[in-house]
Amino acid sequence: MKYSISDIHHILQARCVGTADRQVGFLLTDSRSLSIPEETLFFALKTQRNDGHRYIGELYQRGVRSFVVSILPADADRRYGDATFLVVPSVLTALQQLARHHRRQFQIPVVGIAGSNGKTVVKEWLAQLLTPTFRVSRSPRSYNSQIGVPLSAWLIGPQTDVALLETGISKPDEMEALNWIVQPTVAVLTNLGAAHQENFPSMEAKCLEKMKLFAGAETLVYCADDPLVSRLARENFPQARHLCWSSADPMASFFVGKTDRNDHSTTIAYTWEGQQHTLTIPFIDETSDDNAIVAALVALHLGIDADTLAQRSQRLQPVAMRLEVKEGQNLCTLINDSYNSDIHSLDLALDFMNRRPDHQGRRRTLILSDMLEAAEPPAELYRQVAELLERRNIDKFIAIGDDLCTWQHYFHLPEQHFFATVDEFRQSPVFSSLRTEVILLKGARRFGFDQLTDLLVKKVHETVLEVNLKAVVDNLNYYRSFLRPDTKLTCMIKADGYGAGAVEIAKTLQDHRVDYLAVAVADEGASLRRNGITANIMVMNPELSAFKTLFDYHLEPEVYSFRLLEALIQAAEKEGITNYPIHIKLDTGMHRLGFNPDTDMPELIGRLKRQSALMPRSVFSHFVGADSDDFDDFSARQFDCFDRASRQLASQFDHSILRHMDNSAGIEHFPERQMDMCRLGLGLYGIDPRNNRMLATVSTLYTTILQIRRVKAGESVGYSRRTVMQRDSVIAAIPIGYADGLRRALGNRNGYCLVNGQRADYVGNICMDVAMIDVTDIDCCEGDRVEIFGKNLPVTTLSDCCQTIPYELLTAVSPRVKRIYYQE
């Protein structure tokens with residue numbers, strides 16, 4: 001469904017500058033995701049850290065001609081003569097207003113989903129239960145914010161029978177705007193948990209905020225067994241139909257009776273409209289029970305009969321909610337996205353693939369199965385898919401499924417292959433010819449795409465470091481919340497991104513527009529450049545032999561001594577370089593590296609001013625003890641010393657020189673000392689250096705059980721017979737040792753890992769490639785996963801066992817350990 005600019009002008013009651021009346025089919029808030037410029041309306045959103053108005057010129061060059069702005073660009077008629085600008089007081093409000101208008105054009109069931117967790121799973125499972133009876137439009141991924149909800153509502157079209165819109169809030173006064181957009185006919189509250197509780201004075205206040213989604217809804221769905229939710233829903237929304245589920249109240253609309261589990265599935269007996277039924281789901285955890293019950297209840301309400309529900313419940317697919325990047329066979333890179341399968345999620349995955357800078361120059365290959373969850377009729381769906389793949393510049397297309405084979409005449413790509421099944425593809429020469437490609441796997445599990453992924457992934461080691469890129473962003477935003485809007489941020493990715501992998505971390509940080517990346521040595525920066533990183537890179541420990549690397553890759557060195565300064569000036573002058581940015585380090589008490597602020601400043605300033613090869617871009621120092629209140633007096637003296645010396649330096653130059661001293665601990669402990677920039681290190685990777693508190697977990701190290709054996713009391717385990725068993729025991733061997741980064745200090749019951757969530761002590765000396773663990777009281781088998789550190793076993797627990805710091809354990813993970821990156 002498209003709107004003309006004149007229609008949108010009227011809807012938004014905006015001031016219009018420009019006369020062209022173009023058609024708009026796509027809304028854009030992120031300049032990086034541009035697909036069809038001629039039909040795109042760009043909303044120049046302002047956030048605390050960014051301003052969409054900065055990207056108008058770039059988007060205009062790329063073909064966009066329609067903009068919603070709060071500030072009209074200078075000389076707009078001259079610089080953007082054929083563009084149309086809709087000028088509004090608030091761009092975000094305008095986006096929401098347009099989405100609300102669009103939503104009101106459709107008199108269909110709209111399910112709005114809120115809750116502390118489970119929203120996305122309920123949304124996806126409900127879509128699986130409703131399809132193919134209904135054509136379903138739903139929020140892509142977790143588009144549930146003040147920006148994501150209007151973009152999701154925009155996807156509702158004339159073909160939509162039912163819309164599923166997820167809503168998320170983290171603080172007061174957010175849900176009203178989302179309800180205003182969604183206008184749900186059915187409002188669902190999945191549960192009320194502890195997430196974001198710090199932003200609300202009480203659990204009741206948070207519940208009432210989430211329940212603002214209920215306003216105006218005909219039907220409310222929630223758990224009657226939560227007394228707070230039940231009371232507030234009935235007190236505040238007495239006119240609505242309350243469609244509740246309960247395992248305690250037989251009079252509830254959906255009464256959950258007996259629940260039976262086996263090793264692979266759960267059968268739920270329930271009563272609906274006076275009739276007893278059962279449904280079976282292929283999951284065995286209680287959280288999945290709750291999510292499936294909510295999805296089933298809404299599906300029944302929307303007209304799915306109990307027999308159909310029972311059939312479809314058995315085929316519910318896991319919702320991974322993450323897009324994984326893995327190293328593949330034959331120098332391929334795999335992007336695995338089995339989260340959902342519709343055209344909107346496909347577009348998001350293709351956008352992710354195209355954004356990755358290391359993919360430039362490599363063939364982009366899509367392996368796609370029939371899209372079973374799509375709302376559109378097959379002919380229209382695959383025509384749209386064909387157009388999308390051409391816009392996204394796919395080089396090779398591998399299609400799997402009867403529908404894609406039927407409609408293959410729509411596709412006209414440089415290379416394309418059609419197969420009825422995955423097995424047919426695997427046996428073809430096309431499969432064996434995959435080389436040095438970026439491969440996006442987007443297919444349903446029923447087609448065997450999980451086995452296909454296993455075949456394509458490079459098999460190196462059963463020990464894996466799993467890196468959550470969304471957690472990196474969450475930690476970044478946590479520390480950004482302490483910063484003023486104009487304070488810049490440098491993110492430390494030395495030591496291979498604290499062991500997590502510098503390249504993928506740098507791509508994520510560059511995507512979120514941090515101001516600087518910092519590495520230890522020039523070779524680390526050169527590697528980032530070769531992998532497509534264009535952000536500013538600071539080198540903290542430049543070597544005299546690496547000047548050419550610095551200049552060739554435009555890496556900005558730290559300068560801490562007159563010897564280094566003179567050598568760098570000579571090297572730059574020899575290359576004919578002028579105004580090359582450098583970063584001046586002052587020693588205010590660390591006594592490691594740096595110029596002396598008390599004695600060196602006159603000579604330093606004089607030498608810098610007598611040459612033009614180098615230009616001081618920033619001046620900085622290190623707090624010695626920002627992580628401890630015990631050193632606050634010393635920190636204050638450090639800051640006063642740096643403040644005085646850095647002002648002296650900055651005053652001698654016409655250009656702006658950034659001043660920075662706060663590190664991760666300082667950002668939170670000394671917010672008044674932000675100055676122009678801060679440096680974020682350990683906090684980015686999920687550990688608060690002030691108290692070792694875990695933030696969002698970035699790195700999870702895990703392995704698997706290789707073998708299990710019984711050891712009698714009195715027998716020893718491992719080299720040198722250091723551990724003697726005190727009872728008859730069960731010992732498991734796991735493929736991880738000190739060559740992988742597992743500290744020997746953890747052996748002989750000094751540390752532990754987790755097997756199926758239970759503590760398993762390390763016994764015996766840890767070997768180079770193998771460790772032994774005591775699983776006597778744990779129900780486990782060979783092949784089970786073992787968590788070395790991660791969300792359930794913080795790395796700080798292990799560092800305490802080793803009497804060291806978490807930095808050491810994070811950076812010790814060996815390069816031979818396979819890294820898997822995912823984005824929730």
# chains A, B, ... in the order shown; residues from 1 in each chain; ligands from 1
>>> residues_around(residues="stretch 327-332 of chain A", least_positions_apart="2", cutoff="7 Å", atoms="only C-alpha atoms", output="mmCIF file with N, CA and C atoms, in the first residue's frame")
data_model
loop_
_atom_site.group_PDB
_atom_site.id
_atom_site.type_symbol
_atom_site.label_atom_id
_atom_site.label_comp_id
_atom_site.auth_asym_id
_atom_site.auth_seq_id
_atom_site.Cartn_x
_atom_site.Cartn_y
_atom_site.Cartn_z
ATOM 1 N N LEU A 334 29.309 -17.925 6.818
ATOM 2 C CA LEU A 334 27.898 -18.307 6.895
ATOM 3 C C LEU A 334 27.141 -17.336 7.784
ATOM 4 N N ARG A 435 32.644 -21.757 -2.671
ATOM 5 C CA ARG A 435 34.001 -21.343 -2.323
ATOM 6 C C ARG A 435 34.037 -19.839 -2.077
ATOM 7 N N THR A 436 34.700 -19.419 -1.017
ATOM 8 C CA THR A 436 34.984 -18.000 -0.719
ATOM 9 C C THR A 436 33.761 -17.113 -0.923
ATOM 10 N N GLU A 437 32.613 -17.547 -0.478
ATOM 11 C CA GLU A 437 31.365 -16.796 -0.633
ATOM 12 C C GLU A 437 30.813 -16.408 0.725
ATOM 13 N N VAL A 438 29.997 -15.378 0.733
ATOM 14 C CA VAL A 438 29.207 -15.038 1.906
ATOM 15 C C VAL A 438 27.831 -15.648 1.691
ATOM 16 N N LEU A 456 27.906 -27.136 6.310
ATOM 17 C CA LEU A 456 28.632 -25.999 5.752
ATOM 18 C C LEU A 456 29.569 -25.335 6.756
ATOM 19 N N VAL A 457 29.319 -25.531 8.054
ATOM 20 C CA VAL A 457 30.162 -24.899 9.072
ATOM 21 C C VAL A 457 31.513 -25.591 9.124
ATOM 22 N N LYS A 458 32.568 -24.777 9.265
ATOM 23 C CA LYS A 458 33.917 -25.320 9.380
ATOM 24 C C LYS A 458 34.061 -26.051 10.714
#
>>> closest_atom_pairs(of="stretch 668-721 of chain A", to="stretch 463-477 of chain A", cutoff="6 Å", atoms="only C-alpha atoms", output="JSON lines")
{"residue": "A:Leu684", "atom": "CA", "partner": "A:Asn475", "partner_atom": "CA", "distance": 5.3}
{"residue": "A:Ala696", "atom": "CA", "partner": "A:Ala471", "partner_atom": "CA", "distance": 5.1}
{"residue": "A:Val698", "atom": "CA", "partner": "A:Asn468", "partner_atom": "CA", "distance": 4.9}
{"residue": "A:Ser699", "atom": "CA", "partner": "A:Val467", "partner_atom": "CA", "distance": 4.7}
{"residue": "A:Thr700", "atom": "CA", "partner": "A:Glu466", "partner_atom": "CA", "distance": 5.0}
{"residue": "A:Leu701", "atom": "CA", "partner": "A:Leu465", "partner_atom": "CA", "distance": 4.4}
{"residue": "A:Tyr702", "atom": "CA", "partner": "A:Val464", "partner_atom": "CA", "distance": 5.5}
{"residue": "A:Thr703", "atom": "CA", "partner": "A:Thr463", "partner_atom": "CA", "distance": 4.2}
>>> closest_residue(among="A:Val724, A:Leu389, A:Leu455, A:Val430", to="A:Tyr410", atoms="only C-alpha atoms")
A:Leu389
>>> closest_residue(among="A:Ala205, A:Val711, A:Val91, A:Leu129", to="A:Ile731", atoms="only C-alpha atoms")
A:Val711
>>> closest_residue(among="A:Pro238, A:His10, A:Arg727, A:Tyr270", to="A:Ala252", atoms="only C-alpha atoms")
A:Tyr270
>>> select_by_dssp(residues="stretch 102-209 of chain A", states="strand (DSSP E)", output="mmCIF file with N, CA and C atoms, in the first residue's frame")
data_model
loop_
_atom_site.group_PDB
_atom_site.id
_atom_site.type_symbol
_atom_site.label_atom_id
_atom_site.label_comp_id
_atom_site.auth_asym_id
_atom_site.auth_seq_id
_atom_site.Cartn_x
_atom_site.Cartn_y
_atom_site.Cartn_z
ATOM 1 N N VAL A 110 -6.130 -7.151 15.365
ATOM 2 C CA VAL A 110 -4.747 -6.745 15.633
ATOM 3 C C VAL A 110 -4.417 -7.171 17.057
ATOM 4 N N VAL A 111 -3.443 -8.045 17.177
ATOM 5 C CA VAL A 111 -3.035 -8.559 18.484
ATOM 6 C C VAL A 111 -1.821 -7.766 18.944
ATOM 7 N N GLY A 112 -1.986 -7.014 20.032
ATOM 8 C CA GLY A 112 -0.867 -6.299 20.640
ATOM 9 C C GLY A 112 -0.311 -7.121 21.792
ATOM 10 N N ILE A 113 1.006 -7.284 21.846
ATOM 11 C CA ILE A 113 1.622 -8.183 22.823
ATOM 12 C C ILE A 113 2.608 -7.393 23.673
ATOM 13 N N ALA A 114 2.429 -7.440 24.977
ATOM 14 C CA ALA A 114 3.333 -6.797 25.934
ATOM 15 C C ALA A 114 3.769 -7.831 26.956
ATOM 16 N N VAL A 136 -0.851 -13.583 7.856
ATOM 17 C CA VAL A 136 -0.432 -12.897 9.067
ATOM 18 C C VAL A 136 0.655 -11.882 8.753
ATOM 19 N N SER A 137 0.491 -10.671 9.289
ATOM 20 C CA SER A 137 1.562 -9.674 9.273
ATOM 21 C C SER A 137 2.029 -9.497 10.709
ATOM 22 N N ARG A 138 3.365 -9.470 10.907
ATOM 23 C CA ARG A 138 3.857 -9.373 12.282
ATOM 24 C C ARG A 138 5.128 -8.538 12.354
ATOM 25 N N VAL A 162 -4.641 -10.983 9.818
ATOM 26 C CA VAL A 162 -4.391 -10.774 11.244
ATOM 27 C C VAL A 162 -3.024 -10.121 11.378
ATOM 28 N N ALA A 163 -2.917 -9.119 12.256
ATOM 29 C CA ALA A 163 -1.629 -8.475 12.525
ATOM 30 C C ALA A 163 -1.206 -8.774 13.955
ATOM 31 N N LEU A 164 0.081 -9.084 14.125
ATOM 32 C CA LEU A 164 0.656 -9.358 15.440
ATOM 33 C C LEU A 164 1.745 -8.326 15.692
ATOM 34 N N LEU A 165 1.522 -7.440 16.664
ATOM 35 C CA LEU A 165 2.456 -6.344 16.915
ATOM 36 C C LEU A 165 2.977 -6.422 18.341
ATOM 37 N N GLU A 166 4.284 -6.513 18.439
ATOM 38 C CA GLU A 166 4.962 -6.617 19.733
ATOM 39 C C GLU A 166 5.282 -5.219 20.254
ATOM 40 N N VAL A 186 -7.107 -7.277 20.305
ATOM 41 C CA VAL A 186 -6.760 -8.250 21.339
ATOM 42 C C VAL A 186 -5.455 -7.795 21.969
ATOM 43 N N ALA A 187 -5.433 -7.604 23.286
ATOM 44 C CA ALA A 187 -4.226 -7.176 23.990
ATOM 45 C C ALA A 187 -3.748 -8.304 24.888
ATOM 46 N N VAL A 188 -2.458 -8.656 24.778
ATOM 47 C CA VAL A 188 -1.896 -9.798 25.492
ATOM 48 C C VAL A 188 -0.799 -9.310 26.436
ATOM 49 N N LEU A 189 -0.831 -9.776 27.677
ATOM 50 C CA LEU A 189 0.274 -9.578 28.608
ATOM 51 C C LEU A 189 0.863 -10.947 28.895
#
>>> residues_around(residues="A:Phe547", least_positions_apart="4", cutoff="10 Å", atoms="only C-alpha atoms", output="list of chain:residue names")
A:Ala522, A:Pro542, A:Glu543, A:Phe551, A:Asp552, A:Leu555, A:Pro557, A:Ala567, A:Leu568, A:Ala571, A:Ala572
>>> select_by_dssp(residues="stretch 154-336 of chain A", states="alpha helix (DSSP H)", output="ChimeraX atom specification")
/A:175-182,203-210,227-236,286-301,306-313
>>> write_last_selection(atoms="N, CA and C atoms", output="CSV table (one decimal), in the first residue's frame")
chain,number,residue,atom,x,y,z
A,175,MET,N,4.2,3.4,27.0
A,175,MET,CA,3.2,2.5,26.4
A,175,MET,C,2.0,3.3,25.7
A,176,GLU,N,1.7,4.4,26.3
A,176,GLU,CA,0.5,5.1,25.7
A,176,GLU,C,0.7,5.4,24.2
A,177,ALA,N,1.9,5.9,23.8
A,177,ALA,CA,2.2,6.1,22.4
A,177,ALA,C,2.1,4.9,21.6
A,178,LEU,N,2.5,3.7,22.1
A,178,LEU,CA,2.5,2.5,21.4
A,178,LEU,C,1.0,2.0,21.2
A,179,ASN,N,0.2,2.1,22.3
A,179,ASN,CA,-1.2,1.8,22.2
A,179,ASN,C,-1.9,2.7,21.1
A,180,TRP,N,-1.5,3.9,21.1
A,180,TRP,CA,-2.1,4.9,20.1
A,180,TRP,C,-1.8,4.4,18.7
A,181,ILE,N,-0.7,3.8,18.5
A,181,ILE,CA,-0.4,3.3,17.1
A,181,ILE,C,-1.0,1.9,16.9
A,182,VAL,N,-0.9,1.0,17.8
A,182,VAL,CA,-1.3,-0.4,17.6
A,182,VAL,C,-2.8,-0.5,17.6
A,203,MET,N,6.4,-2.7,41.4
A,203,MET,CA,5.9,-3.7,40.5
A,203,MET,C,4.5,-3.3,40.0
A,204,GLU,N,3.7,-2.7,40.8
A,204,GLU,CA,2.4,-2.3,40.4
A,204,GLU,C,2.4,-1.2,39.4
A,205,ALA,N,3.4,-0.2,39.6
A,205,ALA,CA,3.5,0.9,38.6
A,205,ALA,C,3.9,0.3,37.3
A,206,LYS,N,4.8,-0.7,37.3
A,206,LYS,CA,5.3,-1.2,36.0
A,206,LYS,C,4.1,-2.0,35.3
A,207,CYS,N,3.3,-2.7,36.1
A,207,CYS,CA,2.2,-3.5,35.5
A,207,CYS,C,1.2,-2.5,34.9
A,208,LEU,N,0.9,-1.4,35.6
A,208,LEU,CA,-0.1,-0.4,35.1
A,208,LEU,C,0.5,0.2,33.8
A,209,GLU,N,1.8,0.4,33.7
A,209,GLU,CA,2.3,1.0,32.5
A,209,GLU,C,2.2,0.0,31.3
A,210,LYS,N,2.5,-1.3,31.5
A,210,LYS,CA,2.3,-2.3,30.5
A,210,LYS,C,0.8,-2.4,30.1
A,227,PRO,N,-1.9,-12.6,40.9
A,227,PRO,CA,-2.9,-11.8,41.6
A,227,PRO,C,-2.8,-10.4,41.3
A,228,LEU,N,-1.6,-9.8,41.1
A,228,LEU,CA,-1.4,-8.4,40.8
A,228,LEU,C,-2.0,-8.1,39.5
A,229,VAL,N,-1.6,-8.9,38.5
A,229,VAL,CA,-2.1,-8.7,37.1
A,229,VAL,C,-3.6,-8.8,37.0
A,230,SER,N,-4.1,-9.9,37.7
A,230,SER,CA,-5.5,-10.1,37.6
A,230,SER,C,-6.3,-9.0,38.3
A,231,ARG,N,-5.9,-8.5,39.4
A,231,ARG,CA,-6.6,-7.4,40.1
A,231,ARG,C,-6.6,-6.1,39.3
A,232,LEU,N,-5.4,-5.8,38.8
A,232,LEU,CA,-5.3,-4.5,38.1
A,232,LEU,C,-6.1,-4.5,36.8
A,233,ALA,N,-6.1,-5.7,36.1
A,233,ALA,CA,-6.8,-5.8,34.9
A,233,ALA,C,-8.3,-5.6,35.1
A,234,ARG,N,-8.8,-6.2,36.1
A,234,ARG,CA,-10.3,-6.2,36.4
A,234,ARG,C,-10.7,-4.8,36.9
A,235,GLU,N,-9.8,-4.2,37.7
A,235,GLU,CA,-10.1,-2.9,38.3
A,235,GLU,C,-10.1,-1.8,37.2
A,236,ASN,N,-9.2,-1.9,36.3
A,236,ASN,CA,-9.0,-0.8,35.3
A,236,ASN,C,-9.7,-1.0,34.0
A,286,GLU,N,9.3,-25.2,31.4
A,286,GLU,CA,8.1,-24.5,31.9
A,286,GLU,C,7.9,-23.2,31.2
A,287,THR,N,8.9,-22.5,30.8
A,287,THR,CA,8.7,-21.2,30.1
A,287,THR,C,8.0,-21.5,28.8
A,288,SER,N,8.4,-22.5,28.0
A,288,SER,CA,7.8,-22.8,26.8
A,288,SER,C,6.3,-23.2,27.0
A,289,ASP,N,6.0,-23.9,28.1
A,289,ASP,CA,4.6,-24.2,28.5
A,289,ASP,C,3.8,-22.9,28.5
A,290,ASP,N,4.3,-21.9,29.2
A,290,ASP,CA,3.5,-20.7,29.4
A,290,ASP,C,3.4,-20.0,28.1
A,291,ASN,N,4.4,-19.9,27.3
A,291,ASN,CA,4.4,-19.2,26.0
A,291,ASN,C,3.4,-19.9,25.0
A,292,ALA,N,3.4,-21.2,25.0
A,292,ALA,CA,2.6,-22.0,24.2
A,292,ALA,C,1.1,-21.9,24.6
A,293,ILE,N,0.9,-21.8,25.9
A,293,ILE,CA,-0.5,-21.6,26.4
A,293,ILE,C,-1.1,-20.3,25.9
A,294,VAL,N,-0.3,-19.2,26.0
A,294,VAL,CA,-0.8,-17.9,25.6
A,294,VAL,C,-1.1,-17.9,24.1
A,295,ALA,N,-0.1,-18.5,23.3
A,295,ALA,CA,-0.3,-18.5,21.8
A,295,ALA,C,-1.5,-19.3,21.5
A,296,ALA,N,-1.7,-20.5,22.2
A,296,ALA,CA,-2.9,-21.3,21.9
A,296,ALA,C,-4.2,-20.7,22.2
A,297,LEU,N,-4.2,-20.0,23.3
A,297,LEU,CA,-5.4,-19.3,23.8
A,297,LEU,C,-5.8,-18.2,22.7
A,298,VAL,N,-4.9,-17.4,22.3
A,298,VAL,CA,-5.2,-16.4,21.3
A,298,VAL,C,-5.6,-17.0,20.0
A,299,ALA,N,-5.0,-18.1,19.6
A,299,ALA,CA,-5.3,-18.8,18.3
A,299,ALA,C,-6.7,-19.3,18.4
A,300,LEU,N,-7.1,-19.9,19.5
A,300,LEU,CA,-8.5,-20.4,19.7
A,300,LEU,C,-9.5,-19.3,19.6
A,301,HIS,N,-9.2,-18.2,20.2
A,301,HIS,CA,-10.0,-17.0,20.2
A,301,HIS,C,-10.2,-16.5,18.8
A,306,ALA,N,-9.7,-26.7,17.9
A,306,ALA,CA,-8.8,-27.4,18.8
A,306,ALA,C,-8.1,-28.5,18.0
A,307,ASP,N,-8.7,-29.2,17.1
A,307,ASP,CA,-7.9,-30.3,16.4
A,307,ASP,C,-6.8,-29.7,15.5
A,308,THR,N,-7.1,-28.6,14.8
A,308,THR,CA,-6.0,-27.9,14.1
A,308,THR,C,-4.9,-27.4,15.0
A,309,LEU,N,-5.3,-26.9,16.1
A,309,LEU,CA,-4.3,-26.4,17.1
A,309,LEU,C,-3.4,-27.5,17.6
A,310,ALA,N,-4.0,-28.7,17.8
A,310,ALA,CA,-3.2,-29.8,18.3
A,310,ALA,C,-2.2,-30.2,17.2
A,311,GLN,N,-2.6,-30.3,16.0
A,311,GLN,CA,-1.7,-30.7,14.9
A,311,GLN,C,-0.6,-29.7,14.8
A,312,ARG,N,-0.9,-28.4,14.8
A,312,ARG,CA,0.1,-27.4,14.5
A,312,ARG,C,1.0,-27.2,15.7
A,313,SER,N,0.5,-27.4,16.9
A,313,SER,CA,1.4,-27.2,18.1
A,313,SER,C,2.5,-28.2,18.1
>>> atom_distance(atom1="atom CA of A:Pro378", atom2="atom CA of A:Ala153")
22.5 Å
>>> atom_distance(atom1="atom CA of A:Ser716", atom2="atom CA of A:Pro735")
19.6 Å
>>> atom_distance(atom1="atom CA of A:Asp740", atom2="atom CA of A:Ser527")
22.4 Å
>>> residues_around(residues="stretch 623-637 of chain A", least_positions_apart="6", cutoff="9 Å", atoms="only C-alpha atoms", output="list in words")
Thr588, Gly589, Met590, Met661, Asp662, Asn663, Ser664, Ala665, Gly666, His669, Phe670, Asp688, Pro689, Arg690 and Asn691 of chain A
>>> residues_around(residues="A:Asp403", least_positions_apart="5", cutoff="12 Å", atoms="only C-alpha atoms", output="PyMOL selection string")
chain A and resi 368-372+377-383+408-410+418-421
>>> residues_around(residues="A:Gly274", least_positions_apart="2", cutoff="12 Å", atoms="only C-alpha atoms", output="PyMOL selection string")
chain A and resi 250-255+270-272+276-277
>>> closest_residue(among="A:Ala386, A:Arg49, A:Thr267, A:Phe200", to="A:Phe482", atoms="only C-alpha atoms")
A:Arg49
>>> closest_residue(among="A:Glu174, A:Asp7, A:Asp305, A:Asp728", to="A:Leu98", atoms="only C-alpha atoms")
A:Asp7
